[in-house]
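*Asks:* The structure under discussion is supplied below as structure tokens; questions concerning it will follow.
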There are 2 protein chains.
Amino acid sequence: MPRPDKGTRQKLIDTAADLIWTSSYGSVSVDDICRAANVKKGSFYHYFPSKADLAIAAMEEHFAEDLEPYFQKVFAANVPFVQQIENFAESILEEQRIAQEKYGRVCGCPLAALGSEMIGEESQILSAKVQEMFGKCQDYLKAAISSAIAANVIDAKDADEKVRELHDFTTGLMMMGRINNTLDGLEHDLKPGMQRILGLAVEQPILKKSL
Amino acid sequence: MPRPDKGTRQKLIDTAADLIWTSSYGSVSVDDICRAANVKKGSFYHYFPSKADLAIAAMEEHFAEDLEPYFQKVFAANVPFVQQIENFAESILEEQRIAQEKYGRVCGCPLAALGSEMIGEESQILSAKVQEMFGKCQDYLKAAISSAIAANVIDAKDADEKVRELHDFTTGLMMMGRINNTLDGLEHDLKPGMQRILGLAVEQPILKKSL
DNA sequence: ATCATAGTTGACTAATCGGTACAATACTCT
DNA sequence: AGAGTATTGTACCGATTAGTCAACTATGAT
């Protein structure tokens, strides 16, 4: 093996992730990515057979490098469920804040944005990948919720239903954050909304005293 | 006025709405729209100065013809709040079912799909339009919730917060329906989720008897 | 009947799209 | 040093993109 592929491939993945996340798959061209990454087109197609393959690689890396560690840490077995949920909401908020600082706008959930765009005949590969990754995310949620149910921490009949509600609510908040370019909804509603879905005590944000 | 523009313009709007809703704005070309509508390109640019203008016209028509009547009817003043919410959830489900039958797939919320795709420098006009229309939708919700609070039908401090939660939850469910191409989430979770957000009694789906 | 005008048409851009071909280069191993 | 291969640069491809334009047709008002 001559040169061990130091950074070109990685630079392409990172650049593509940035550009696509802050706009959309369709509006980012291969030339855009190459220009922003300062990589020539020949190199692009040396590493990736197509634009879609790069997007898939970017998604897989995003999951392996960002999402999976997040879930592992947030839903670690030694953390009590109530704390897990709190950390979950907090880590989402933090990710969005960092992205906002970095890119100058609220970006929402990259998987949801890509998945929504990639429906329709073409590029079912990307669509399937998004679904697969959402499934993996929900597996973490389900494991946590199932043991909370088993331990009688929360009262619910159907873990799957709670997972769906939690996930869909979260995705909706992130999506509206992206569309309206504001973190307000996430900041105000994410944590209490999750707690309400799970039947946990909702902590009052400012005033604890009732009239 | 010679010929009163019978149907060409309308056909373009309808076709564009269909194509964009079932895939995305970026992946539908002007040629695609013209081909599907059986309209020549020259005619297209006779009625619309650009592709974006057609999309805006389609959105405005969708709002005026579909959304506004929906909201007017669902949130009519003589309907009790609990029933309003039930009808709201039901009408969303029905819209999605009809679309699924018509297009062979779950399409979700066209505004959210377009709004998510249209972020980034280009075409802020479309993005702004989506935000404007979501705002109008939320106005209907807010009016209904505010009077429910005033009438002590529900117990909430902040109407805006409830509006956001309701709207974001709904959008999330529709978005995940679109991405996963299934109505399961909407069918199972939409109505009870709304009721839970509003603190209404959640009706049990199948069994009414508790143990 | 005629004339202004709304509507239609198809041919036409210039730019960009994703992707390819291939020679030149840079590196590792022997 | 030299062989061999991974990587890069450049030039290119045909298809498609959004959008233009001048010519044409149908119509309604006078």
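The chains in the structure tokens are called A, B, ... from first to last as shown; in each chain the residues are counted from 1, and the ligands are counted from 1 in the order shown.
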Within 10 Å of chain B, which residues of chain D are there when counting only C-alpha atoms (C1' of nucleotides)? Please give them as a list in words.
*Replies:* DT16, DT17, DA18, DG19, DT20, DC21, DA26, DT27, DG28 and DA29 of chain D
*Asks:* Any chance you could lay chain B over chain A, fitting all C-alpha atoms in order by least squares, and write the moved chain as a compact mmCIF listing (two decimals) with C-alpha atoms, in the first residue's frame?
*Replies:*
# COMPACT_ATOMS: atom_id res chain seq x y z
CA MET B 1 0.11 0.17 -0.22
CA PRO B 2 1.87 3.31 -1.30
CA ARG B 3 0.35 6.37 0.25
CA PRO B 4 -2.14 5.47 2.98
CA ASP B 5 -4.86 7.93 1.96
CA LYS B 6 -4.26 10.49 4.63
CA GLY B 7 -7.09 12.90 4.33
CA THR B 8 -8.69 13.28 0.95
CA ARG B 9 -11.47 10.81 1.48
CA GLN B 10 -12.17 12.14 4.92
CA LYS B 11 -12.19 15.71 3.69
CA LEU B 12 -14.77 14.79 1.07
CA ILE B 13 -16.99 13.13 3.64
CA ASP B 14 -16.77 16.02 6.08
CA THR B 15 -17.34 18.65 3.43
CA ALA B 16 -20.28 16.81 1.95
CA ALA B 17 -21.87 16.38 5.36
CA ASP B 18 -21.53 20.09 6.05
CA LEU B 19 -22.89 21.24 2.73
CA ILE B 20 -25.77 18.81 2.57
CA TRP B 21 -26.78 19.39 6.16
CA THR B 22 -26.89 23.15 5.71
CA SER B 23 -28.81 23.03 2.46
CA SER B 24 -29.91 19.83 0.77
CA TYR B 25 -28.66 16.85 -1.17
CA GLY B 26 -30.13 18.05 -4.44
CA SER B 27 -28.78 21.55 -4.28
CA VAL B 28 -25.22 20.47 -3.55
CA SER B 29 -23.33 19.36 -6.64
CA VAL B 30 -20.28 17.17 -6.84
CA ASP B 31 -18.43 20.20 -8.10
CA ASP B 32 -19.53 22.16 -5.05
CA ILE B 33 -18.19 19.48 -2.75
CA CYS B 34 -14.93 19.21 -4.62
CA ARG B 35 -14.45 22.97 -4.66
CA ALA B 36 -15.17 23.32 -0.95
CA ALA B 37 -12.94 20.38 -0.08
CA ASN B 38 -10.24 21.55 -2.46
CA VAL B 39 -10.22 18.16 -4.12
CA LYS B 40 -10.29 17.50 -7.83
CA LYS B 41 -13.14 15.65 -9.40
CA GLY B 42 -10.95 12.79 -10.49
CA SER B 43 -10.06 12.16 -6.87
CA PHE B 44 -13.71 12.26 -5.90
CA TYR B 45 -14.54 9.43 -8.26
CA HIS B 46 -11.45 7.58 -7.19
CA TYR B 47 -12.92 7.22 -3.70
CA PHE B 48 -16.64 7.15 -4.41
CA PRO B 49 -18.39 5.56 -7.35
CA SER B 50 -21.17 8.16 -7.19
CA LYS B 51 -22.52 11.14 -5.33
CA ALA B 52 -25.03 8.93 -3.57
CA ASP B 53 -22.26 6.69 -2.30
CA LEU B 54 -20.54 9.65 -0.74
CA ALA B 55 -23.76 10.62 0.98
CA ILE B 56 -24.14 7.11 2.32
CA ALA B 57 -20.57 7.12 3.58
CA ALA B 58 -21.22 10.46 5.26
CA MET B 59 -24.35 9.12 6.92
CA GLU B 60 -22.60 6.01 8.15
CA GLU B 61 -19.79 8.03 9.57
CA HIS B 62 -22.21 10.44 11.21
CA PHE B 63 -23.90 7.51 12.85
CA ALA B 64 -20.74 5.72 13.91
CA GLU B 65 -18.87 8.80 15.07
CA ASP B 66 -21.64 10.95 16.49
CA LEU B 67 -24.93 9.18 17.07
CA GLU B 68 -23.77 5.82 18.36
CA PRO B 69 -21.40 7.25 21.01
CA TYR B 70 -24.13 9.69 22.00
CA PHE B 71 -26.66 6.93 22.55
CA GLN B 72 -24.14 4.70 24.28
CA LYS B 73 -23.31 7.43 26.72
CA VAL B 74 -26.78 8.85 27.25
CA PHE B 75 -28.46 5.49 27.71
CA ALA B 76 -25.68 3.82 29.66
CA ALA B 77 -27.11 1.14 31.90
CA ASN B 78 -25.93 2.69 35.15
CA VAL B 79 -27.80 5.93 34.53
CA PRO B 80 -31.32 6.10 35.96
CA PHE B 81 -34.08 6.43 33.39
CA VAL B 82 -35.25 9.86 34.41
CA GLN B 83 -31.73 11.10 34.04
CA GLN B 84 -31.30 9.33 30.72
CA ILE B 85 -34.23 11.22 29.28
CA GLU B 86 -32.97 14.48 30.66
CA ASN B 87 -29.54 13.87 29.17
CA PHE B 88 -31.09 12.80 25.89
CA ALA B 89 -32.97 16.06 25.53
CA GLU B 90 -29.93 18.02 26.64
CA SER B 91 -27.58 16.36 24.18
CA ILE B 92 -29.91 17.02 21.27
CA LEU B 93 -30.11 20.64 22.24
CA GLU B 94 -26.37 20.87 22.54
CA GLU B 95 -25.82 19.33 19.12
CA GLN B 96 -28.19 21.86 17.59
CA ARG B 97 -26.56 24.76 19.39
CA ILE B 98 -23.12 23.73 18.21
CA ALA B 99 -24.37 23.39 14.65
CA GLN B 100 -26.05 26.75 14.84
CA GLU B 101 -22.85 28.38 16.01
CA LYS B 102 -20.79 26.59 13.38
CA TYR B 103 -23.04 27.09 10.38
CA GLY B 104 -24.95 30.21 11.31
CA ARG B 105 -28.32 28.54 11.18
CA VAL B 106 -30.39 25.83 12.81
CA CYS B 107 -29.88 22.63 10.85
CA GLY B 108 -32.23 20.12 12.46
CA CYS B 109 -31.88 16.41 11.99
CA PRO B 110 -29.70 15.54 8.99
CA LEU B 111 -31.26 12.11 8.66
CA ALA B 112 -34.79 13.47 8.55
CA ALA B 113 -33.89 16.20 6.09
CA LEU B 114 -32.21 13.74 3.77
CA GLY B 115 -34.90 11.13 4.23
CA SER B 116 -37.66 13.54 3.38
CA GLU B 117 -35.88 14.68 0.25
CA MET B 118 -34.96 11.21 -0.96
CA ILE B 119 -38.39 9.75 -1.46
CA GLY B 120 -39.56 8.96 -4.95
CA GLU B 121 -38.32 6.43 -7.45
CA GLU B 122 -34.71 7.50 -7.68
CA SER B 123 -32.14 6.78 -5.04
CA GLN B 124 -34.08 4.39 -2.87
CA ILE B 125 -30.71 3.38 -1.55
CA LEU B 126 -30.38 6.61 0.36
CA SER B 127 -33.93 6.40 1.59
CA ALA B 128 -33.40 2.87 2.82
CA LYS B 129 -30.22 3.92 4.58
CA VAL B 130 -32.02 6.68 6.43
CA GLN B 131 -34.71 4.28 7.54
CA GLU B 132 -32.11 1.79 8.69
CA MET B 133 -30.34 4.39 10.80
CA PHE B 134 -33.52 5.72 12.33
CA GLY B 135 -34.28 2.13 13.20
CA LYS B 136 -30.99 1.79 15.03
CA CYS B 137 -31.63 5.00 16.95
CA GLN B 138 -35.02 3.71 17.97
CA ASP B 139 -33.44 0.48 19.18
CA TYR B 140 -31.53 2.42 21.80
CA LEU B 141 -34.67 4.21 22.84
CA LYS B 142 -36.59 0.98 22.99
CA ALA B 143 -34.04 -0.75 25.17
CA ALA B 144 -34.11 2.12 27.66
CA ILE B 145 -37.88 2.38 27.71
CA SER B 146 -38.39 -1.34 27.97
CA SER B 147 -36.25 -1.62 31.07
CA ALA B 148 -37.96 1.43 32.53
CA ILE B 149 -41.28 -0.30 32.04
CA ALA B 150 -39.94 -3.53 33.49
CA ALA B 151 -38.64 -1.66 36.52
CA ASN B 152 -41.96 0.12 36.93
CA VAL B 153 -40.29 3.48 36.56
CA ILE B 154 -42.89 4.41 33.99
CA ASP B 155 -46.32 3.06 33.34
CA ALA B 156 -46.86 2.06 29.74
CA LYS B 157 -48.30 -0.89 27.94
CA ASP B 158 -46.45 -0.65 24.68
CA ALA B 159 -42.78 0.25 24.51
CA ASP B 160 -42.86 0.55 20.73
CA GLU B 161 -45.58 3.12 20.94
CA LYS B 162 -43.60 5.23 23.37
CA VAL B 163 -40.51 4.94 21.20
CA ARG B 164 -42.43 6.13 18.19
CA GLU B 165 -44.01 9.02 20.02
CA LEU B 166 -40.73 10.12 21.51
CA HIS B 167 -38.90 9.83 18.25
CA ASP B 168 -41.54 11.50 16.12
CA PHE B 169 -41.95 14.34 18.57
CA THR B 170 -38.22 14.93 18.66
CA THR B 171 -37.92 14.78 14.91
CA GLY B 172 -40.78 17.21 14.53
CA LEU B 173 -39.21 19.71 16.88
CA MET B 174 -35.89 19.52 15.08
CA MET B 175 -37.55 19.78 11.70
CA MET B 176 -39.48 22.89 12.69
CA GLY B 177 -36.30 24.30 14.15
CA ARG B 178 -34.65 23.80 10.80
CA ILE B 179 -37.53 25.28 8.84
CA ASN B 180 -38.03 28.31 11.06
CA ASN B 181 -34.34 28.65 11.81
CA THR B 182 -34.85 28.97 15.54
CA LEU B 183 -34.02 26.92 18.60
CA ASP B 184 -36.97 28.29 20.57
CA GLY B 185 -39.16 25.24 20.19
CA LEU B 186 -36.37 22.85 21.07
CA GLU B 187 -35.31 24.87 24.07
CA HIS B 188 -38.78 25.27 25.50
CA ASP B 189 -40.61 22.12 24.55
CA LEU B 190 -38.22 19.23 24.02
CA LYS B 191 -37.54 18.13 27.58
CA PRO B 192 -41.01 18.68 29.05
CA GLY B 193 -42.56 17.14 25.96
CA MET B 194 -40.50 13.99 26.36
CA GLN B 195 -41.35 13.79 30.04
CA ARG B 196 -45.01 14.21 29.30
CA ILE B 197 -44.97 11.47 26.67
CA LEU B 198 -43.35 9.13 29.17
CA GLY B 199 -45.61 10.12 32.02
CA LEU B 200 -42.73 11.46 34.04
CA ALA B 201 -43.05 14.38 36.41
CA VAL B 202 -42.56 17.50 34.33
CA GLU B 203 -40.24 19.88 36.05
CA GLN B 204 -41.34 23.51 36.00
CA PRO B 205 -38.93 25.69 34.09
CA ILE B 206 -38.67 28.84 36.20
CA LEU B 207 -41.14 29.17 39.04
CA LYS B 208 -41.50 26.16 41.30
CA LYS B 209 -44.12 27.74 43.50
CA SER B 210 -47.71 27.15 42.59
CA LEU B 211 -50.38 29.62 43.58
*Asks:* Check stretch 49-173 of chain A with DSSP on the backbone and list each residue it calls alpha helix (DSSP H), as number ranges by chain.
*Replies:* A: 51-61, 68-74, 81-103, 110-117, 124-150, 159-173
*Asks:* Using only C-alpha atoms (C1' of nucleotides), tabulate the residues of chain C lying at most 7 Å from any atom of chain B, each with its closest atom pair and that distance in Å to one decimal, by chain and increasing residue number, as a tab-separated table.
*Replies:*
residue	atom	partner	partner_atom	distance
C:DA6	C1'	B:Pro2	CA	5.6
C:DT8	C1'	B:Ser43	CA	6.3
C:DT9	C1'	B:Gly42	CA	6.9
*Asks:* Calculated over only C-alpha atoms (C1' of nucleotides), which of the candidates C:DT2, C:DA23, C:DC29, C:DG7 has the smallest distance to D:DT25?
*Replies:* C:DG7
*Asks:* Expressed in Å to a single decimal, how great is the separation between atom C1' of D:DA22 and atom C1' of C:DT13?
*Replies:* 13.6 Å
